[in-house]
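Single-structure report; data block below.
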Amino acid sequence: MQSNGPRLAMLILALLLMSMSAEVLAHGVDDKTRIFLEQNTGMQFIPFIYIGAKHMFTGYDHILFLVGVIFFLYRSRDVLLYVSMFTVGHSITLLWGVLGDIQVNAYLIDAIIGFSVIYKGFDNLGGFKRMFGRQPSTKLAVLIFGLFHGFGLATKLQEFELPSDGLVANMIAFNIGVELGQFMALAFILIAINFWRKLPSFQRFSIATNTMLMSAGLMLIGLQLTGYYLY
């Protein structure tokens, strides 16, 4: 178990990366959701909650960042604080981006989100202290990257030119769904991490996992920049 733990973690993350590549370039919207959004009229509160939860729960870029954020958080109040900082950030720019019609390039925003995954993995490995002799504010970084993640969520919805009728209520519903999806994803992540923390192999597991996070972020950047130049 001790020797297989880090290998298993790397295998799981590798499979995750392979399965996400096609969805990344498609910006993670399945056909059924696409059809609904294209044909949507008026307030659809419950469906938008479902879409928000589904997108967040299956949003690999957001999930990978959250893995990095909570990886070394041992106290519940710290998890709540950092997740709240992330939530405030992405809620502001999600609502502002859609309701204010703030136009940003989806591929470039998603590339920055990929960079946020690299940043957190590097931070968790102590890279800043080793290379620069100081630790940037982790809370501020989570909040700032949360703003970019919110713009990433907004670009998904802006592709469909949603009607103004019921838009405010639908966006509030979508944001509620995002938080529900985030809560469900966090529950699974915390269960897995807490399990590994009980094993002697956790130190090796933590190094392997955060190295894989950086690799995942690099792949995300590459995929998104490829999409930017090709499409």
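Following the order of the structure tokens, chains are lettered A, B, ..., residues in each are numbered from 1, and ligands are numbered from 1.
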
Q | Who sits within 8 Å of Gly114 of chain A, only C-alpha atoms, same chain under 4 positions skipped, as a PyMOL selection string | A | chain A and resi 61+110+118+216-221

Closest atom pairs, segment 128-210 of chain A residues within 8 Å of segment 47-57 of chain A, only C-alpha atoms, as CSV:
```
residue,atom,partner,partner_atom,distance
A:Asn170,CA,A:Phe48,CA,6.0
A:Met171,CA,A:Phe48,CA,7.5
A:Ala173,CA,A:Ile49,CA,4.8
A:Phe174,CA,A:Gly52,CA,4.5
A:Asn175,CA,A:Gly52,CA,6.3
A:Ile176,CA,A:Ile49,CA,6.0
A:Gly177,CA,A:Ile49,CA,4.0
A:Val178,CA,A:Gly52,CA,4.5
A:Glu179,CA,A:Ala53,CA,6.9
A:Leu180,CA,A:Ala53,CA,5.6
A:Gly181,CA,A:Ala53,CA,3.9
A:Gln182,CA,A:Met56,CA,5.9
A:Met184,CA,A:Phe57,CA,7.0
A:Ala185,CA,A:Phe57,CA,5.7
```

(Q) as a PyMOL selection string, please: the residues near Thr138 of chain A (cut-off 12 Å, only C-alpha atoms, same-chain neighbours under 5 positions excluded). (A) chain A and resi 68-70+72-73+78+81-83+85-86+116+119-120+122-124+126+128+143-145

Q: Tell me which protein, DNA and RNA residues are within 9 Å of segment 225-228 of chain A, counting only C-alpha atoms, leaving out same-chain ones fewer than 6 positions away, and put them as a list of chain:residue names.
A: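 Once the adjacent positions are removed, what remains is A:Leu25, A:Asn105, A:Ala106, A:Tyr107, A:Leu108, A:Asp110, A:Ala111.
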
Q. What lies within 12 Å of Phe188 of chain A using only C-alpha atoms, ignoring chain neighbours under 5 positions off, as a PyMOL selection string?
A. chain A and resi 57+63+66-67+181-183+193-195

What's around segment 162-168 of chain A at 8 Å? Count only C-alpha atoms, leave out sequence neighbours fewer than 4 positions away in its own chain, and write the answer as a PDB file with N, CA, C and O atoms, in the first residue's frame.
```pdb
ATOM      1  N   LEU A  37     -29.839  25.474 -23.794  1.00  0.00           N
ATOM      2  CA  LEU A  37     -29.447  26.876 -23.700  1.00  0.00           C
ATOM      3  C   LEU A  37     -29.780  27.638 -24.975  1.00  0.00           C
ATOM      4  O   LEU A  37     -30.164  28.811 -24.930  1.00  0.00           O
ATOM      5  N   GLU A  38     -29.650  26.985 -26.097  1.00  0.00           N
ATOM      6  CA  GLU A  38     -29.949  27.650 -27.370  1.00  0.00           C
ATOM      7  C   GLU A  38     -31.443  27.902 -27.535  1.00  0.00           C
ATOM      8  O   GLU A  38     -31.847  28.879 -28.170  1.00  0.00           O
ATOM      9  N   ASN A  40     -33.620  28.130 -24.862  1.00  0.00           N
ATOM     10  CA  ASN A  40     -34.190  28.622 -23.613  1.00  0.00           C
ATOM     11  C   ASN A  40     -34.865  29.984 -23.779  1.00  0.00           C
ATOM     12  O   ASN A  40     -34.352  30.875 -24.475  1.00  0.00           O
ATOM     13  N   THR A  41     -36.033  30.124 -23.153  1.00  0.00           N
ATOM     14  CA  THR A  41     -36.721  31.416 -23.081  1.00  0.00           C
ATOM     15  C   THR A  41     -37.301  31.575 -21.677  1.00  0.00           C
ATOM     16  O   THR A  41     -37.811  30.630 -21.093  1.00  0.00           O
ATOM     17  N   GLY A  42     -37.205  32.810 -21.138  1.00  0.00           N
ATOM     18  CA  GLY A  42     -37.796  33.088 -19.840  1.00  0.00           C
ATOM     19  C   GLY A  42     -37.024  32.477 -18.691  1.00  0.00           C
ATOM     20  O   GLY A  42     -35.946  31.922 -18.859  1.00  0.00           O
ATOM     21  N   MET A  43     -37.598  32.594 -17.509  1.00  0.00           N
ATOM     22  CA  MET A  43     -36.948  32.094 -16.301  1.00  0.00           C
ATOM     23  C   MET A  43     -37.068  30.572 -16.226  1.00  0.00           C
ATOM     24  O   MET A  43     -38.156  30.012 -16.355  1.00  0.00           O
ATOM     25  N   GLN A  44     -35.921  29.914 -16.030  1.00  0.00           N
ATOM     26  CA  GLN A  44     -35.860  28.459 -15.890  1.00  0.00           C
ATOM     27  C   GLN A  44     -34.968  28.158 -14.673  1.00  0.00           C
ATOM     28  O   GLN A  44     -33.833  27.715 -14.816  1.00  0.00           O
ATOM     29  N   LEU A  99     -24.202  39.299 -16.913  1.00  0.00           N
ATOM     30  CA  LEU A  99     -25.184  40.391 -16.833  1.00  0.00           C
ATOM     31  C   LEU A  99     -24.635  41.692 -17.396  1.00  0.00           C
ATOM     32  O   LEU A  99     -25.384  42.497 -17.954  1.00  0.00           O
ATOM     33  N   LEU A 157     -21.538  30.501 -20.867  1.00  0.00           N
ATOM     34  CA  LEU A 157     -22.927  30.919 -21.059  1.00  0.00           C
ATOM     35  C   LEU A 157     -23.064  31.982 -22.139  1.00  0.00           C
ATOM     36  O   LEU A 157     -24.070  32.023 -22.847  1.00  0.00           O
ATOM     37  N   GLN A 158     -22.067  32.830 -22.275  1.00  0.00           N
ATOM     38  CA  GLN A 158     -22.146  33.904 -23.265  1.00  0.00           C
ATOM     39  C   GLN A 158     -22.150  33.378 -24.698  1.00  0.00           C
ATOM     40  O   GLN A 158     -22.612  34.069 -25.609  1.00  0.00           O
ATOM     41  N   ILE A 172     -28.633  33.725 -11.232  1.00  0.00           N
ATOM     42  CA  ILE A 172     -28.588  33.430  -9.795  1.00  0.00           C
ATOM     43  C   ILE A 172     -28.740  31.930  -9.584  1.00  0.00           C
ATOM     44  O   ILE A 172     -28.025  31.313  -8.781  1.00  0.00           O
TER      45      ILE A 172
END
```

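A straight line drawn from atom CA of Ala192 of chain A to atom CA of Lys129 of chain A is 27.5 Å long.
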
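Atom to atom, atom CA of Ser91 of chain A and atom CA of Gly152 of chain A stand 11.1 Å apart.
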
Q: Go through A:Lys32, A:Arg77, A:Arg197, A:His62 and flag the residue nearest Phe151 of chain A, using only C-alpha atoms for the distances.
A: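 Closest candidate: A:His62.
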
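Nearest-residue note for Ser215 of chain A: choosing from A:Gly97, A:Gly121, A:Gly127, A:Gly89, the minimum distance belongs to A:Gly121, counting only C-alpha atoms.
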
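The space between atom CA of Leu140 of chain A and atom CA of Arg204 of chain A spans 27.9 Å.
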
**Q.** Members of segment 57-223 of chain A assigned helix (DSSP H, G or I) by DSSP, as a PyMOL selection string
**A.** chain A and resi 57+60-70+76-99+106-124+127-132+138-158+167-197+202-223

Can you write out the residues you just picked, keeping C-alpha atoms, as a short mmCIF file (atom, residue, chain, number, x, y, z; two decimals), in the first residue's frame?
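Output file again_8.cif is given in full below:
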```
data_model
loop_
_atom_site.label_atom_id
_atom_site.label_comp_id
_atom_site.auth_asym_id
_atom_site.auth_seq_id
_atom_site.Cartn_x
_atom_site.Cartn_y
_atom_site.Cartn_z
CA PHE A 57 -18.96 18.99 -10.71
CA TYR A 60 -11.94 19.47 -14.51
CA ASP A 61 -10.08 22.77 -14.44
CA HIS A 62 -12.08 24.07 -11.45
CA ILE A 63 -11.82 20.73 -9.63
CA LEU A 64 -8.06 20.50 -10.12
CA PHE A 65 -7.61 23.98 -8.67
CA LEU A 66 -9.78 23.11 -5.67
CA VAL A 67 -7.71 19.97 -5.09
CA GLY A 68 -4.64 22.19 -4.84
CA VAL A 69 -6.36 24.73 -2.61
CA ILE A 70 -7.52 22.29 0.06
CA SER A 76 -12.61 22.63 8.67
CA ARG A 77 -12.62 26.38 9.25
CA ASP A 78 -9.59 26.80 6.97
CA VAL A 79 -11.30 24.78 4.24
CA LEU A 80 -14.41 26.94 4.66
CA LEU A 81 -12.38 30.16 4.55
CA TYR A 82 -10.42 29.33 1.40
CA VAL A 83 -13.40 27.87 -0.42
CA SER A 84 -15.38 30.98 0.51
CA MET A 85 -12.64 33.20 -0.97
CA PHE A 86 -12.79 31.17 -4.18
CA THR A 87 -16.61 31.30 -4.17
CA VAL A 88 -16.72 35.08 -3.72
CA GLY A 89 -14.26 35.53 -6.57
CA HIS A 90 -15.97 33.36 -9.15
CA SER A 91 -19.48 34.52 -8.15
CA ILE A 92 -18.56 38.17 -8.77
CA THR A 93 -17.15 37.66 -12.25
CA LEU A 94 -19.70 35.04 -13.29
CA LEU A 95 -22.60 37.40 -12.63
CA TRP A 96 -20.71 40.50 -13.80
CA GLY A 97 -19.50 38.80 -16.97
CA VAL A 98 -22.93 37.58 -18.10
CA LEU A 99 -25.18 40.39 -16.83
CA ALA A 106 -12.75 31.95 -23.65
CA TYR A 107 -9.52 30.21 -24.65
CA LEU A 108 -7.27 32.79 -23.01
CA ILE A 109 -9.33 32.81 -19.82
CA ASP A 110 -9.22 29.03 -19.67
CA ALA A 111 -5.46 29.15 -20.24
CA ILE A 112 -5.18 31.42 -17.17
CA ILE A 113 -7.30 28.93 -15.25
CA GLY A 114 -4.80 26.27 -16.31
CA PHE A 115 -2.04 28.50 -14.97
CA SER A 116 -3.92 28.72 -11.64
CA VAL A 117 -3.60 24.94 -11.34
CA ILE A 118 0.15 25.14 -12.00
CA TYR A 119 0.47 27.98 -9.47
CA LYS A 120 -1.28 26.03 -6.70
CA GLY A 121 0.68 22.85 -7.31
CA PHE A 122 3.94 24.84 -7.30
CA ASP A 123 2.84 26.64 -4.15
CA ASN A 124 2.00 23.36 -2.40
CA GLY A 127 8.37 26.34 -4.82
CA PHE A 128 8.01 30.02 -3.95
CA LYS A 129 9.96 29.75 -0.70
CA ARG A 130 12.70 27.73 -2.33
CA MET A 131 13.11 29.90 -5.42
CA PHE A 132 12.21 33.36 -4.14
CA THR A 138 -2.37 32.28 -0.45
CA LYS A 139 -5.74 33.81 0.38
CA LEU A 140 -5.24 36.66 -2.09
CA ALA A 141 -4.13 34.22 -4.79
CA VAL A 142 -7.23 32.06 -4.28
CA LEU A 143 -9.48 35.14 -4.50
CA ILE A 144 -7.77 36.48 -7.64
CA PHE A 145 -7.82 33.15 -9.41
CA GLY A 146 -11.44 32.77 -8.33
CA LEU A 147 -12.19 35.90 -10.37
CA PHE A 148 -10.68 34.30 -13.46
CA HIS A 149 -12.55 31.05 -12.85
CA GLY A 150 -15.77 33.08 -12.72
CA PHE A 151 -15.01 34.66 -16.09
CA GLY A 152 -14.36 31.15 -17.37
CA LEU A 153 -17.84 30.12 -16.26
CA ALA A 154 -19.33 33.26 -17.80
CA THR A 155 -17.79 32.61 -21.22
CA LYS A 156 -19.54 29.23 -21.39
CA LEU A 157 -22.93 30.92 -21.06
CA GLN A 158 -22.15 33.90 -23.27
CA LEU A 167 -31.66 36.33 -17.25
CA VAL A 168 -30.98 37.66 -13.74
CA ALA A 169 -32.95 34.87 -12.06
CA ASN A 170 -31.37 32.26 -14.33
CA MET A 171 -27.86 33.49 -13.51
CA ILE A 172 -28.59 33.43 -9.80
CA ALA A 173 -29.86 29.88 -10.23
CA PHE A 174 -26.78 28.90 -12.23
CA ASN A 175 -24.53 30.33 -9.52
CA ILE A 176 -26.44 28.41 -6.84
CA GLY A 177 -25.94 25.28 -8.92
CA VAL A 178 -22.23 26.00 -9.21
CA GLU A 179 -21.97 26.15 -5.42
CA LEU A 180 -23.89 22.88 -5.06
CA GLY A 181 -21.62 21.19 -7.60
CA GLN A 182 -18.59 22.61 -5.84
CA PHE A 183 -19.84 21.26 -2.50
CA MET A 184 -20.35 17.77 -3.95
CA ALA A 185 -16.93 17.76 -5.58
CA LEU A 186 -15.28 18.95 -2.37
CA ALA A 187 -16.94 16.18 -0.39
CA PHE A 188 -15.35 13.53 -2.62
CA ILE A 189 -11.99 15.30 -2.64
CA LEU A 190 -11.87 15.65 1.15
CA ILE A 191 -12.82 12.01 1.67
CA ALA A 192 -10.01 10.89 -0.65
CA ILE A 193 -7.40 13.23 0.84
CA ASN A 194 -8.34 12.40 4.43
CA PHE A 195 -7.99 8.71 3.59
CA TRP A 196 -4.46 9.22 2.25
CA ARG A 197 -3.47 11.37 5.20
CA PHE A 202 1.02 10.53 2.27
CA GLN A 203 4.23 12.56 1.88
CA ARG A 204 5.12 10.74 -1.34
CA PHE A 205 1.49 10.90 -2.42
CA SER A 206 1.42 14.67 -1.84
CA ILE A 207 4.53 15.26 -3.93
CA ALA A 208 3.25 13.05 -6.76
CA THR A 209 -0.20 14.65 -6.70
CA ASN A 210 0.99 18.26 -6.78
CA THR A 211 3.52 17.43 -9.49
CA MET A 212 0.65 15.95 -11.49
CA LEU A 213 -1.41 19.07 -10.81
CA MET A 214 1.32 21.17 -12.39
CA SER A 215 1.44 18.79 -15.34
CA ALA A 216 -2.33 18.99 -15.69
CA GLY A 217 -2.23 22.79 -15.62
CA LEU A 218 0.46 22.80 -18.30
CA MET A 219 -1.66 20.52 -20.47
CA LEU A 220 -4.69 22.76 -19.97
CA ILE A 221 -2.69 25.80 -21.07
CA GLY A 222 -1.41 23.95 -24.12
CA LEU A 223 -4.88 22.79 -25.14
#
```
